[in-house]
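Student: Compact mmCIF, C-alpha atoms, saved as work31.txt, coming up:
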```txt
# COMPACT_ATOMS: atom_id res chain seq x y z
CA MET H 1 -1.30 -23.42 -28.08
CA PRO H 2 -3.81 -22.30 -25.41
CA LEU H 3 -4.57 -18.59 -25.12
CA ARG H 4 -2.91 -16.88 -22.17
CA ILE H 5 -5.64 -14.93 -20.35
CA GLY H 6 -4.51 -12.22 -17.94
CA TYR H 7 -6.87 -11.36 -15.11
CA VAL H 8 -7.08 -9.91 -11.60
CA ARG H 9 -8.08 -12.46 -9.00
CA GLU H 10 -11.06 -10.64 -7.52
CA HIS H 11 -14.71 -11.55 -7.04
CA PHE H 12 -15.61 -9.99 -10.41
CA SER H 13 -13.61 -12.81 -12.04
CA SER H 14 -15.81 -15.57 -10.63
CA PRO H 15 -17.43 -16.57 -13.98
CA LEU H 16 -13.96 -16.70 -15.56
CA LEU H 17 -12.67 -18.95 -12.75
CA GLN H 18 -15.65 -21.27 -13.22
CA PHE H 19 -14.96 -21.42 -16.97
CA ALA H 20 -11.25 -22.11 -16.36
CA ALA H 21 -12.04 -24.96 -13.97
CA ALA H 22 -14.26 -26.60 -16.58
CA ASP H 23 -11.79 -26.01 -19.44
CA GLY H 24 -8.86 -27.51 -17.53
CA GLY H 25 -6.25 -25.66 -19.58
CA LYS H 26 -7.31 -27.17 -22.92
CA THR H 27 -8.08 -23.89 -24.70
CA PHE H 28 -6.68 -21.26 -22.31
CA THR H 29 -4.56 -20.75 -19.21
CA LEU H 30 -4.99 -18.04 -16.59
CA VAL H 31 -2.18 -15.62 -15.73
CA GLU H 32 -2.82 -13.76 -12.48
CA CYS H 33 -1.93 -10.05 -12.46
CA PRO H 34 -2.32 -8.84 -8.86
CA SER H 35 -1.13 -5.30 -9.62
CA GLY H 36 -4.19 -4.74 -11.81
CA THR H 37 -4.74 -3.23 -15.24
CA GLY H 38 -1.37 -1.48 -15.48
CA GLN H 39 0.30 -4.88 -15.10
CA LEU H 40 -2.13 -6.47 -17.57
CA ILE H 41 -1.27 -3.86 -20.21
CA SER H 42 2.45 -4.32 -19.52
CA ARG H 43 2.14 -8.08 -19.96
CA LEU H 44 0.22 -7.67 -23.21
CA THR H 45 3.03 -5.41 -24.41
CA ASN H 46 5.78 -7.84 -23.31
CA ASP H 47 4.23 -10.99 -24.87
CA GLU H 48 3.41 -12.54 -21.48
CA ILE H 49 -0.35 -12.76 -22.11
CA ASP H 50 -2.56 -12.71 -25.22
CA VAL H 51 -5.89 -11.54 -23.77
CA ALA H 52 -6.64 -9.30 -20.77
CA ILE H 53 -9.81 -8.83 -18.74
CA ALA H 54 -9.18 -5.37 -17.40
CA LEU H 55 -10.63 -2.03 -16.37
CA THR H 56 -12.35 0.07 -19.00
CA ASP H 57 -10.64 3.41 -18.45
CA PRO H 58 -6.96 2.36 -18.56
CA LEU H 59 -7.62 0.14 -21.58
CA ILE H 60 -9.27 2.98 -23.48
CA SER H 61 -6.77 5.62 -22.38
CA GLY H 62 -3.89 3.34 -23.37
CA ILE H 63 -5.13 3.08 -26.96
CA ALA H 64 -5.97 6.79 -27.06
CA ASN H 65 -2.40 7.55 -25.95
CA GLY H 66 -0.87 5.42 -28.70
CA SER H 67 -0.58 1.83 -27.45
CA LYS H 68 -0.53 -0.77 -30.24
CA ALA H 69 -0.27 -3.70 -27.82
CA TYR H 70 -3.99 -4.52 -27.86
CA LYS H 71 -7.45 -3.82 -29.24
CA LEU H 72 -10.78 -4.08 -27.45
CA VAL H 73 -12.56 -7.36 -28.20
CA GLY H 74 -15.38 -7.67 -25.68
CA SER H 75 -17.25 -6.70 -22.52
CA PHE H 76 -17.09 -8.35 -19.09
CA VAL H 77 -18.93 -6.25 -16.46
CA SER H 78 -21.66 -3.79 -17.45
CA THR H 79 -22.04 -1.88 -14.17
CA PRO H 80 -19.74 0.81 -12.71
CA LEU H 81 -16.90 0.04 -10.30
CA ASN H 82 -17.11 1.64 -6.86
CA TRP H 83 -13.61 2.95 -6.12
CA ALA H 84 -12.97 3.44 -2.42
CA VAL H 85 -10.65 6.26 -1.35
CA ILE H 86 -8.47 4.85 1.42
CA ALA H 87 -6.17 6.68 3.89
CA GLY H 88 -3.84 5.44 6.63
CA ARG H 89 -5.38 4.25 9.88
CA ASP H 90 -3.91 7.17 11.88
CA ALA H 91 -3.85 9.76 9.09
CA ASN H 92 -5.48 13.16 9.54
CA PHE H 93 -7.29 13.02 6.19
CA ALA H 94 -11.01 12.98 6.92
CA ASP H 95 -12.51 13.17 3.44
CA VAL H 96 -11.60 13.41 -0.24
CA SER H 97 -11.39 17.21 -0.22
CA SER H 98 -8.53 17.07 2.30
CA LEU H 99 -6.29 15.26 -0.23
CA LYS H 100 -5.71 18.28 -2.48
CA GLY H 101 -1.99 18.81 -3.18
CA THR H 102 -0.90 15.49 -1.63
CA THR H 103 0.76 12.41 -3.16
CA ILE H 104 -1.63 9.63 -4.19
CA GLY H 105 -0.54 5.99 -4.21
CA ILE H 106 -1.08 4.03 -7.44
CA SER H 107 -0.29 0.45 -8.43
CA ARG H 108 1.34 1.27 -11.79
CA GLN H 109 1.53 3.98 -14.42
CA GLY H 110 -1.61 3.82 -16.56
CA SER H 111 -3.53 1.78 -13.98
CA GLY H 112 -7.13 2.29 -12.95
CA SER H 113 -5.89 3.59 -9.62
CA GLN H 114 -4.19 6.40 -11.55
CA THR H 115 -6.89 7.24 -14.11
CA MET H 116 -9.53 7.32 -11.37
CA ALA H 117 -7.37 9.73 -9.35
CA TYR H 118 -7.67 12.10 -12.31
CA VAL H 119 -11.45 11.59 -12.34
CA MET H 120 -11.54 12.31 -8.59
CA ALA H 121 -9.56 15.51 -9.17
CA LEU H 122 -11.95 16.51 -11.96
CA GLN H 123 -14.94 16.00 -9.65
CA GLN H 124 -13.24 18.00 -6.88
CA GLY H 125 -12.31 20.86 -9.21
CA TRP H 126 -8.55 20.39 -8.69
CA PRO H 127 -6.04 21.12 -11.49
CA THR H 128 -5.27 17.62 -12.81
CA ASN H 129 -1.78 18.72 -13.87
CA ASP H 130 -0.91 19.19 -10.19
CA LEU H 131 -1.52 15.56 -9.22
CA LYS H 132 1.45 13.70 -7.72
CA PHE H 133 1.77 9.92 -7.66
CA LYS H 134 3.87 7.21 -6.03
CA ILE H 135 3.94 3.68 -7.48
CA ASN H 136 3.31 0.97 -4.87
CA ASN H 137 2.65 -2.09 -7.10
CA ASP H 138 -0.24 -3.83 -5.33
CA ILE H 139 -2.77 -3.43 -2.56
CA ARG H 140 -0.31 -4.45 0.16
CA GLY H 141 2.20 -1.88 -1.04
CA LEU H 142 -0.56 0.74 -1.20
CA ILE H 143 -1.66 -0.02 2.37
CA ASN H 144 1.90 0.19 3.66
CA SER H 145 2.40 3.50 1.87
CA VAL H 146 -0.61 5.27 3.42
CA ASN H 147 0.40 3.97 6.84
CA ASP H 148 4.04 5.06 6.61
CA GLY H 149 2.98 8.50 5.33
CA SER H 150 4.71 8.36 1.94
CA THR H 151 1.29 8.76 0.32
CA SER H 152 -1.93 10.33 1.54
CA ALA H 153 -4.41 7.89 0.04
CA PHE H 154 -5.03 5.34 -2.69
CA MET H 155 -8.05 4.16 -4.65
CA TRP H 156 -9.13 0.51 -5.01
CA GLU H 157 -12.36 -1.41 -5.49
CA TRP H 158 -14.47 -1.12 -2.34
CA PHE H 159 -15.27 -4.76 -1.56
CA THR H 160 -11.62 -5.75 -2.07
CA THR H 161 -10.47 -3.10 0.41
CA LYS H 162 -13.33 -3.53 2.91
CA PRO H 163 -11.66 -6.41 4.83
CA PHE H 164 -8.64 -4.16 5.49
CA VAL H 165 -10.95 -1.35 6.67
CA ASP H 166 -12.90 -3.76 8.88
CA ALA H 167 -9.61 -5.01 10.39
CA GLY H 168 -8.57 -1.44 11.27
CA GLU H 169 -5.50 -1.45 8.97
CA VAL H 170 -6.72 1.57 6.97
CA LYS H 171 -9.69 3.92 6.91
CA PHE H 172 -12.30 4.73 4.28
CA ILE H 173 -12.70 8.44 3.52
CA GLY H 174 -14.83 8.48 0.37
CA SER H 175 -15.75 6.80 -2.89
CA VAL H 176 -15.69 7.60 -6.59
CA PRO H 177 -17.84 5.34 -8.80
CA THR H 178 -16.74 5.07 -12.42
CA PRO H 179 -18.97 6.96 -14.86
CA TRP H 180 -18.73 3.95 -17.24
CA PRO H 181 -19.15 0.13 -17.20
CA SER H 182 -16.16 -1.20 -15.37
CA TRP H 183 -14.54 -4.16 -17.20
CA LEU H 184 -13.72 -4.77 -20.86
CA ILE H 185 -11.70 -7.45 -22.64
CA ALA H 186 -8.68 -6.72 -24.83
CA ALA H 187 -6.48 -8.90 -27.03
CA HIS H 188 -3.15 -8.50 -28.77
CA PRO H 189 -3.76 -7.75 -32.48
CA SER H 190 -1.29 -10.37 -33.71
CA PRO H 191 -3.04 -13.30 -35.47
CA THR H 192 -0.32 -15.63 -34.19
CA ARG H 193 -0.73 -14.66 -30.53
CA ALA H 194 -4.50 -14.14 -30.43
CA PRO H 195 -6.14 -15.66 -33.53
CA ALA H 196 -9.55 -14.06 -34.07
CA ASP H 197 -11.40 -17.38 -34.28
CA GLU H 198 -9.88 -18.62 -31.01
CA VAL H 199 -10.62 -15.36 -29.19
CA ARG H 200 -14.17 -15.41 -30.54
CA ARG H 201 -14.71 -18.98 -29.33
CA PHE H 202 -13.31 -18.05 -25.91
CA LEU H 203 -15.72 -15.11 -25.64
CA GLU H 204 -18.70 -17.13 -26.83
CA LYS H 205 -18.05 -19.75 -24.16
CA LEU H 206 -17.29 -17.11 -21.52
CA THR H 207 -20.71 -15.61 -22.26
CA THR H 208 -22.40 -18.85 -21.19
CA TYR H 209 -20.61 -18.76 -17.83
CA VAL H 210 -21.36 -15.05 -17.38
CA LEU H 211 -25.06 -15.63 -18.08
CA ALA H 212 -25.19 -18.54 -15.65
CA PHE H 213 -23.43 -16.53 -12.93
CA ASP H 214 -25.71 -13.53 -13.55
CA SER H 215 -28.92 -15.55 -13.30
CA THR H 216 -31.39 -14.99 -10.48
CA GLU H 217 -31.07 -18.60 -9.35
CA SER H 218 -27.25 -18.43 -9.07
CA ARG H 219 -27.35 -15.10 -7.26
CA GLU H 220 -29.58 -16.55 -4.54
CA SER H 221 -27.14 -19.20 -3.34
CA ALA H 222 -24.46 -20.64 -5.63
CA ASN H 223 -22.63 -17.36 -6.22
CA VAL H 224 -22.45 -16.57 -2.52
CA GLU H 225 -20.96 -19.97 -1.74
CA PHE H 226 -18.49 -19.80 -4.64
CA ILE H 227 -17.18 -16.36 -3.67
CA LYS H 228 -17.04 -17.27 0.02
CA ARG H 229 -15.04 -20.41 -0.80
CA HIS H 230 -12.60 -18.74 -3.22
CA PHE H 231 -12.20 -15.28 -1.65
CA GLY H 232 -13.19 -15.68 1.99
CA TYR H 233 -15.61 -12.74 2.07
CA PRO H 234 -18.49 -12.83 4.57
CA SER H 235 -21.93 -13.62 3.15
CA ASP H 236 -23.32 -10.16 3.94
CA ASP H 237 -20.60 -8.46 1.88
CA ILE H 238 -21.06 -10.87 -1.02
CA GLU H 239 -24.82 -10.36 -1.06
CA ALA H 240 -24.35 -6.58 -0.93
CA TRP H 241 -21.89 -6.70 -3.85
CA LEU H 242 -24.18 -8.93 -5.94
CA LYS H 243 -26.90 -6.29 -5.69
CA THR H 244 -24.57 -3.76 -7.36
CA VAL H 245 -23.11 -5.81 -10.23
CA ALA H 246 -24.42 -6.91 -13.63
CA TYR H 247 -22.77 -8.71 -16.52
CA PRO H 248 -23.36 -8.32 -20.27
CA LYS H 249 -25.74 -10.56 -22.19
CA ASN H 250 -23.07 -11.02 -24.87
CA CYS H 251 -19.34 -10.69 -24.17
CA LEU H 252 -18.77 -10.21 -27.93
CA GLN H 253 -20.48 -6.80 -27.94
CA ILE H 254 -19.28 -3.39 -26.76
CA PRO H 255 -21.74 -0.48 -26.75
CA GLN H 256 -20.11 2.32 -28.76
CA LYS H 257 -21.36 4.74 -26.10
CA VAL H 258 -19.04 3.09 -23.55
CA ILE H 259 -16.01 4.14 -25.59
CA THR H 260 -17.22 7.63 -26.49
CA ASP H 261 -18.45 8.48 -22.98
CA THR H 262 -15.25 7.19 -21.36
CA LEU H 263 -13.10 9.19 -23.77
CA SER H 264 -15.17 12.31 -23.06
CA VAL H 265 -14.61 12.09 -19.29
CA LEU H 266 -10.93 11.14 -19.64
CA GLU H 267 -10.35 14.08 -21.96
CA LYS H 268 -11.94 16.48 -19.47
CA ALA H 269 -9.76 14.95 -16.74
CA GLY H 270 -6.62 15.50 -18.82
CA VAL H 271 -5.82 11.78 -19.18
CA VAL H 272 -6.16 11.78 -22.99
CA LYS H 273 -6.08 14.41 -25.70
CA ALA H 274 -8.24 14.07 -28.80
CA PRO H 275 -6.43 14.34 -32.15
CA GLU H 276 -7.54 16.88 -34.71
CA GLY H 277 -10.88 15.69 -36.04
CA GLY H 278 -11.59 13.62 -32.91
CA PHE H 279 -11.09 9.97 -32.03
CA ALA H 280 -11.93 7.30 -34.62
CA ILE H 281 -13.83 4.75 -32.50
CA GLU H 282 -13.17 1.88 -34.92
CA THR H 283 -9.43 2.15 -34.18
CA PHE H 284 -10.12 1.08 -30.57
CA VAL H 285 -11.69 -2.30 -31.43
CA ASP H 286 -10.86 -5.44 -33.36
CA THR H 287 -13.82 -5.58 -35.73
CA GLU H 288 -12.96 -9.17 -36.72
CA ILE H 289 -14.02 -10.20 -33.23
CA VAL H 290 -16.26 -7.68 -31.50
CA GLU H 291 -19.48 -6.00 -32.55
CA LEU H 292 -20.03 -2.34 -31.71
CA ALA H 293 -23.59 -2.04 -30.44
```
Starting from the file, lay out its structure as structure tokens.
Tutor:
Amino acid sequence: MPLRIGYVREHFSSPLLQFAAADGGKTFTLVECPSGTGQLISRLTNDEIDVAIALTDPLISGIANGSKAYKLVGSFVSTPLNWAVIAGRDANFADVSSLKGTTIGISRQGSGSQTMAYVMALQQGWPTNDLKFKINNDIRGLINSVNDGSTSAFMWEWFTTKPFVDAGEVKFIGSVPTPWPSWLIAAHPSPTRAPADEVRRFLEKLTTYVLAFDSTESRESANVEFIKRHFGYPSDDIEAWLKTVAYPKNCLQIPQKVITDTLSVLEKAGVVKAPEGGFAIETFVDTEIVELA
């Protein structure tokens, strides 16, 4: 039975989409999760997907907070994610500092839009316990919420939100880059749902598509045309994004520092709490599949 791969249909997923087109459903099928990592984790938990390509911080915080629905099995994007802070088009919020004490829109509990709100609060010196959230499911719900005043702002990847800013639907008031590489890969620990050899083969093949996409030659022309065709972004935005992103040389490796550094920031932000004796990093990964570098 083909692996069910959960993903978010954004420009970051381009190498995965190229792999899927070539595979034709023989070894895996794609399951789109437009609400983001919170939805991916929920679908892993509910046996709707077997593998998820998702944001680093919610994946790590989920395991740290007790989830048994998945283990980390690989890396997907090795550069930070630039989270835009977005307010309503007519809102009085002029910058991030003006959001203190307000209600922030998030896609789901445990999503990147929520964990990064805690990081934003940490950077601003706000008490993270005072943060208030409203769940709005996806980017359209988040946009509607800031414009009807039920939330003050939301956070989403910049190039995904830029078309809505350019169209005058919302306004950009700041950004918060992640202090860690942005995308990891997780799989359910069950050998019947995500057999280690099948997941390993998937990641080995994904690596070849990632390396091809990340090559200098592809960046100069093919990537721009692919993203323009599949996502409709203007060439200037695609070229600007390509200058900011890098992919791993081996999707089957996770630098141990990624996990420890992410946990350190999330603990300071109040998202996770270390057990007595600290976190055991090996409990976050499936060592049958991934190598800690």
Student: To one decimal place in Å, what is the distance between CA of Gln109 (chain H) and CA of Leu40 (chain H)?
Tutor: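 Distance between the two atoms: 11.5 Å.
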Student: Env of region 214-223 of chain H: 9 Å cut, atoms = only C-alpha atoms, seq-sep filter 3 positions within chain, self excluded. Answer as a ChimeraX atom specification.
Tutor: /H:14-15,209-211,226-228,238-239,242-243,245-248
Student: Could you pull the residues within 12 Å of Lys68 (chain H), counting all atoms listed in the file, minus those fewer than 3 positions along the same chain, as a PyMOL selection string?
Tutor: chain H and resi 41-42+44-46+59-65+71-72+186-190+283-286
Student: What separation in Å, quoted to one decimal, exists between CA of Asp23 (chain H) and CA of Arg200 (chain H)?
Tutor: 15.5 Å
Student: Provide the CA of Phe172 (chain H) to CA of Ser145 (chain H) distance in Å, to one decimal place.
Tutor: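 CA of Ser145 (chain H) lies at a distance of 14.9 Å from CA of Phe172 (chain H).
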Student: Using only C-alpha atoms, determine which residues lie at most 6 Å from region 180-183 of chain H, disregarding the query and same-chain residues fewer than 4 positions distant; provide the list as a PDB file with C-alpha atoms, keeping the file's coordinate frame.
Tutor:
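In the end it all went to out-v9.pdb:
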```pdb
ATOM      1  CA  ALA H  54      -9.180  -5.370 -17.400  1.00  0.00           C
ATOM      2  CA  LEU H  55     -10.630  -2.030 -16.370  1.00  0.00           C
ATOM      3  CA  THR H  56     -12.350   0.070 -19.000  1.00  0.00           C
ATOM      4  CA  PHE H  76     -17.090  -8.350 -19.090  1.00  0.00           C
ATOM      5  CA  VAL H  77     -18.930  -6.250 -16.460  1.00  0.00           C
ATOM      6  CA  SER H  78     -21.660  -3.790 -17.450  1.00  0.00           C
ATOM      7  CA  THR H  79     -22.040  -1.880 -14.170  1.00  0.00           C
ATOM      8  CA  PRO H  80     -19.740   0.810 -12.710  1.00  0.00           C
ATOM      9  CA  LEU H  81     -16.900   0.040 -10.300  1.00  0.00           C
TER      10      LEU H  81
END
```
Student: Restricting the calculation to all atoms listed in the file, which member of H:Ala280, H:Asn147, H:Thr208, H:Asp130 is positioned closest to Gln256 (chain H)?
Tutor: H:Ala280
Student: Tell me, counting all atoms listed in the file, for each residue of region 94-198 of chain H within 12 Å of region 4-8 of chain H, which pair of atoms is nearest and how far apart they are in Å to one decimal, in rows ordered by chain and increasing number, as JSON lines.
Tutor:
```
{"residue": "H:Asp138", "atom": "CA", "partner": "H:Val8", "partner_atom": "CA", "distance": 11.1}
{"residue": "H:Ile139", "atom": "CA", "partner": "H:Val8", "partner_atom": "CA", "distance": 11.9}
{"residue": "H:Glu157", "atom": "CA", "partner": "H:Val8", "partner_atom": "CA", "distance": 11.7}
{"residue": "H:Thr160", "atom": "CA", "partner": "H:Val8", "partner_atom": "CA", "distance": 11.3}
{"residue": "H:Trp183", "atom": "CA", "partner": "H:Tyr7", "partner_atom": "CA", "distance": 10.7}
{"residue": "H:Leu184", "atom": "CA", "partner": "H:Tyr7", "partner_atom": "CA", "distance": 11.1}
{"residue": "H:Ile185", "atom": "CA", "partner": "H:Tyr7", "partner_atom": "CA", "distance": 9.8}
{"residue": "H:Ala186", "atom": "CA", "partner": "H:Gly6", "partner_atom": "CA", "distance": 9.8}
{"residue": "H:Ala187", "atom": "CA", "partner": "H:Ile5", "partner_atom": "CA", "distance": 9.0}
{"residue": "H:His188", "atom": "CA", "partner": "H:Arg4", "partner_atom": "CA", "distance": 10.7}
{"residue": "H:Arg193", "atom": "CA", "partner": "H:Arg4", "partner_atom": "CA", "distance": 8.9}
{"residue": "H:Ala194", "atom": "CA", "partner": "H:Arg4", "partner_atom": "CA", "distance": 8.8}
{"residue": "H:Pro195", "atom": "CA", "partner": "H:Arg4", "partner_atom": "CA", "distance": 11.9}
{"residue": "H:Glu198", "atom": "CA", "partner": "H:Arg4", "partner_atom": "CA", "distance": 11.4}
```
Student: Can you work out which one of H:Leu16, H:Ala167, H:Glu48, H:Cys251 has the shortest atom-to-atom distance to Ala69 (chain H), counting all atoms listed in the file?
Tutor: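 So, comparing all the options, the nearest one is H:Glu48.
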Student: Which residue gives the smallest distance to Thr103 (chain H) among H:Pro34, H:Gly88, H:Pro275, H:Gly149, with all atoms listed in the file counted?
Tutor: H:Gly149
Student: Counting all atoms listed in the file, figure out which residue out of H:His230, H:Pro177, H:Pro2, H:Asp90 gets nearest to Thr192 (chain H).
Tutor: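 Nearest candidate to Thr192 (chain H) out of H:His230, H:Pro177, H:Pro2, H:Asp90: H:Pro2.
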Student: Would you mind putting N, CA and C atoms back on region 162-190 of chain H and writing the result as a PDB file, in the frame of the given file?
Tutor:
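And here is the file that came out, selection-v2.pdb:
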```
ATOM      1  N   LYS H 162     -12.509  -3.528   1.697  1.00  0.00           N
ATOM      2  CA  LYS H 162     -13.330  -3.530   2.910  1.00  0.00           C
ATOM      3  C   LYS H 162     -12.763  -4.403   4.033  1.00  0.00           C
ATOM      4  N   PRO H 163     -12.232  -5.620   3.732  1.00  0.00           N
ATOM      5  CA  PRO H 163     -11.660  -6.410   4.830  1.00  0.00           C
ATOM      6  C   PRO H 163     -10.526  -5.693   5.564  1.00  0.00           C
ATOM      7  N   PHE H 164      -9.730  -4.895   4.853  1.00  0.00           N
ATOM      8  CA  PHE H 164      -8.640  -4.160   5.490  1.00  0.00           C
ATOM      9  C   PHE H 164      -9.179  -3.001   6.337  1.00  0.00           C
ATOM     10  N   VAL H 165     -10.288  -2.399   5.879  1.00  0.00           N
ATOM     11  CA  VAL H 165     -10.950  -1.350   6.670  1.00  0.00           C
ATOM     12  C   VAL H 165     -11.559  -1.967   7.922  1.00  0.00           C
ATOM     13  N   ASP H 166     -12.258  -3.096   7.749  1.00  0.00           N
ATOM     14  CA  ASP H 166     -12.900  -3.760   8.880  1.00  0.00           C
ATOM     15  C   ASP H 166     -11.879  -4.199   9.936  1.00  0.00           C
ATOM     16  N   ALA H 167     -10.665  -4.558   9.461  1.00  0.00           N
ATOM     17  CA  ALA H 167      -9.610  -5.010  10.390  1.00  0.00           C
ATOM     18  C   ALA H 167      -8.875  -3.849  11.047  1.00  0.00           C
ATOM     19  N   GLY H 168      -9.196  -2.609  10.664  1.00  0.00           N
ATOM     20  CA  GLY H 168      -8.570  -1.440  11.270  1.00  0.00           C
ATOM     21  C   GLY H 168      -7.194  -1.111  10.701  1.00  0.00           C
ATOM     22  N   GLU H 169      -6.806  -1.732   9.572  1.00  0.00           N
ATOM     23  CA  GLU H 169      -5.500  -1.450   8.970  1.00  0.00           C
ATOM     24  C   GLU H 169      -5.470  -0.092   8.278  1.00  0.00           C
ATOM     25  N   VAL H 170      -6.596   0.311   7.701  1.00  0.00           N
ATOM     26  CA  VAL H 170      -6.720   1.570   6.970  1.00  0.00           C
ATOM     27  C   VAL H 170      -8.103   2.138   7.238  1.00  0.00           C
ATOM     28  N   LYS H 171      -8.342   3.357   6.739  1.00  0.00           N
ATOM     29  CA  LYS H 171      -9.690   3.920   6.910  1.00  0.00           C
ATOM     30  C   LYS H 171     -10.250   4.409   5.581  1.00  0.00           C
ATOM     31  N   PHE H 172     -11.551   4.305   5.465  1.00  0.00           N
ATOM     32  CA  PHE H 172     -12.300   4.730   4.280  1.00  0.00           C
ATOM     33  C   PHE H 172     -12.676   6.195   4.430  1.00  0.00           C
ATOM     34  N   ILE H 173     -12.365   7.016   3.413  1.00  0.00           N
ATOM     35  CA  ILE H 173     -12.700   8.440   3.520  1.00  0.00           C
ATOM     36  C   ILE H 173     -13.594   8.934   2.375  1.00  0.00           C
ATOM     37  N   GLY H 174     -13.957   8.050   1.458  1.00  0.00           N
ATOM     38  CA  GLY H 174     -14.830   8.480   0.370  1.00  0.00           C
ATOM     39  C   GLY H 174     -14.857   7.456  -0.741  1.00  0.00           C
ATOM     40  N   SER H 175     -15.681   7.716  -1.747  1.00  0.00           N
ATOM     41  CA  SER H 175     -15.750   6.800  -2.890  1.00  0.00           C
ATOM     42  C   SER H 175     -15.976   7.582  -4.170  1.00  0.00           C
ATOM     43  N   VAL H 176     -15.525   7.003  -5.271  1.00  0.00           N
ATOM     44  CA  VAL H 176     -15.690   7.600  -6.590  1.00  0.00           C
ATOM     45  C   VAL H 176     -16.110   6.491  -7.563  1.00  0.00           C
ATOM     46  N   PRO H 177     -17.409   6.348  -7.827  1.00  0.00           N
ATOM     47  CA  PRO H 177     -17.840   5.340  -8.800  1.00  0.00           C
ATOM     48  C   PRO H 177     -17.416   5.740 -10.210  1.00  0.00           C
ATOM     49  N   THR H 178     -17.083   4.753 -11.028  1.00  0.00           N
ATOM     50  CA  THR H 178     -16.740   5.070 -12.420  1.00  0.00           C
ATOM     51  C   THR H 178     -17.983   5.545 -13.153  1.00  0.00           C
ATOM     52  N   PRO H 179     -17.830   6.538 -14.041  1.00  0.00           N
ATOM     53  CA  PRO H 179     -18.970   6.960 -14.860  1.00  0.00           C
ATOM     54  C   PRO H 179     -19.096   6.122 -16.140  1.00  0.00           C
ATOM     55  N   TRP H 180     -18.670   4.855 -16.090  1.00  0.00           N
ATOM     56  CA  TRP H 180     -18.730   3.950 -17.240  1.00  0.00           C
ATOM     57  C   TRP H 180     -18.785   2.506 -16.728  1.00  0.00           C
ATOM     58  N   PRO H 181     -19.234   1.553 -17.565  1.00  0.00           N
ATOM     59  CA  PRO H 181     -19.150   0.130 -17.200  1.00  0.00           C
ATOM     60  C   PRO H 181     -17.701  -0.246 -16.923  1.00  0.00           C
ATOM     61  N   SER H 182     -17.491  -1.130 -15.968  1.00  0.00           N
ATOM     62  CA  SER H 182     -16.160  -1.200 -15.370  1.00  0.00           C
ATOM     63  C   SER H 182     -15.135  -2.105 -16.037  1.00  0.00           C
ATOM     64  N   TRP H 183     -15.529  -3.201 -16.682  1.00  0.00           N
ATOM     65  CA  TRP H 183     -14.540  -4.160 -17.200  1.00  0.00           C
ATOM     66  C   TRP H 183     -14.781  -4.444 -18.679  1.00  0.00           C
ATOM     67  N   LEU H 184     -13.708  -4.375 -19.460  1.00  0.00           N
ATOM     68  CA  LEU H 184     -13.720  -4.770 -20.860  1.00  0.00           C
ATOM     69  C   LEU H 184     -12.685  -5.870 -21.077  1.00  0.00           C
ATOM     70  N   ILE H 185     -12.653  -6.394 -22.286  1.00  0.00           N
ATOM     71  CA  ILE H 185     -11.700  -7.450 -22.640  1.00  0.00           C
ATOM     72  C   ILE H 185     -10.893  -6.974 -23.840  1.00  0.00           C
ATOM     73  N   ALA H 186      -9.575  -7.150 -23.767  1.00  0.00           N
ATOM     74  CA  ALA H 186      -8.680  -6.720 -24.830  1.00  0.00           C
ATOM     75  C   ALA H 186      -7.811  -7.892 -25.267  1.00  0.00           C
ATOM     76  N   ALA H 187      -7.360  -7.855 -26.519  1.00  0.00           N
ATOM     77  CA  ALA H 187      -6.480  -8.900 -27.030  1.00  0.00           C
ATOM     78  C   ALA H 187      -5.385  -8.281 -27.876  1.00  0.00           C
ATOM     79  N   HIS H 188      -4.241  -8.942 -27.900  1.00  0.00           N
ATOM     80  CA  HIS H 188      -3.150  -8.500 -28.770  1.00  0.00           C
ATOM     81  C   HIS H 188      -3.608  -8.646 -30.226  1.00  0.00           C
ATOM     82  N   PRO H 189      -3.263  -7.694 -31.096  1.00  0.00           N
ATOM     83  CA  PRO H 189      -3.760  -7.750 -32.480  1.00  0.00           C
ATOM     84  C   PRO H 189      -3.075  -8.782 -33.365  1.00  0.00           C
ATOM     85  N   SER H 190      -2.019  -9.407 -32.887  1.00  0.00           N
ATOM     86  CA  SER H 190      -1.290 -10.370 -33.710  1.00  0.00           C
ATOM     87  C   SER H 190      -2.113 -11.636 -33.949  1.00  0.00           C
TER      88      SER H 190
END
```
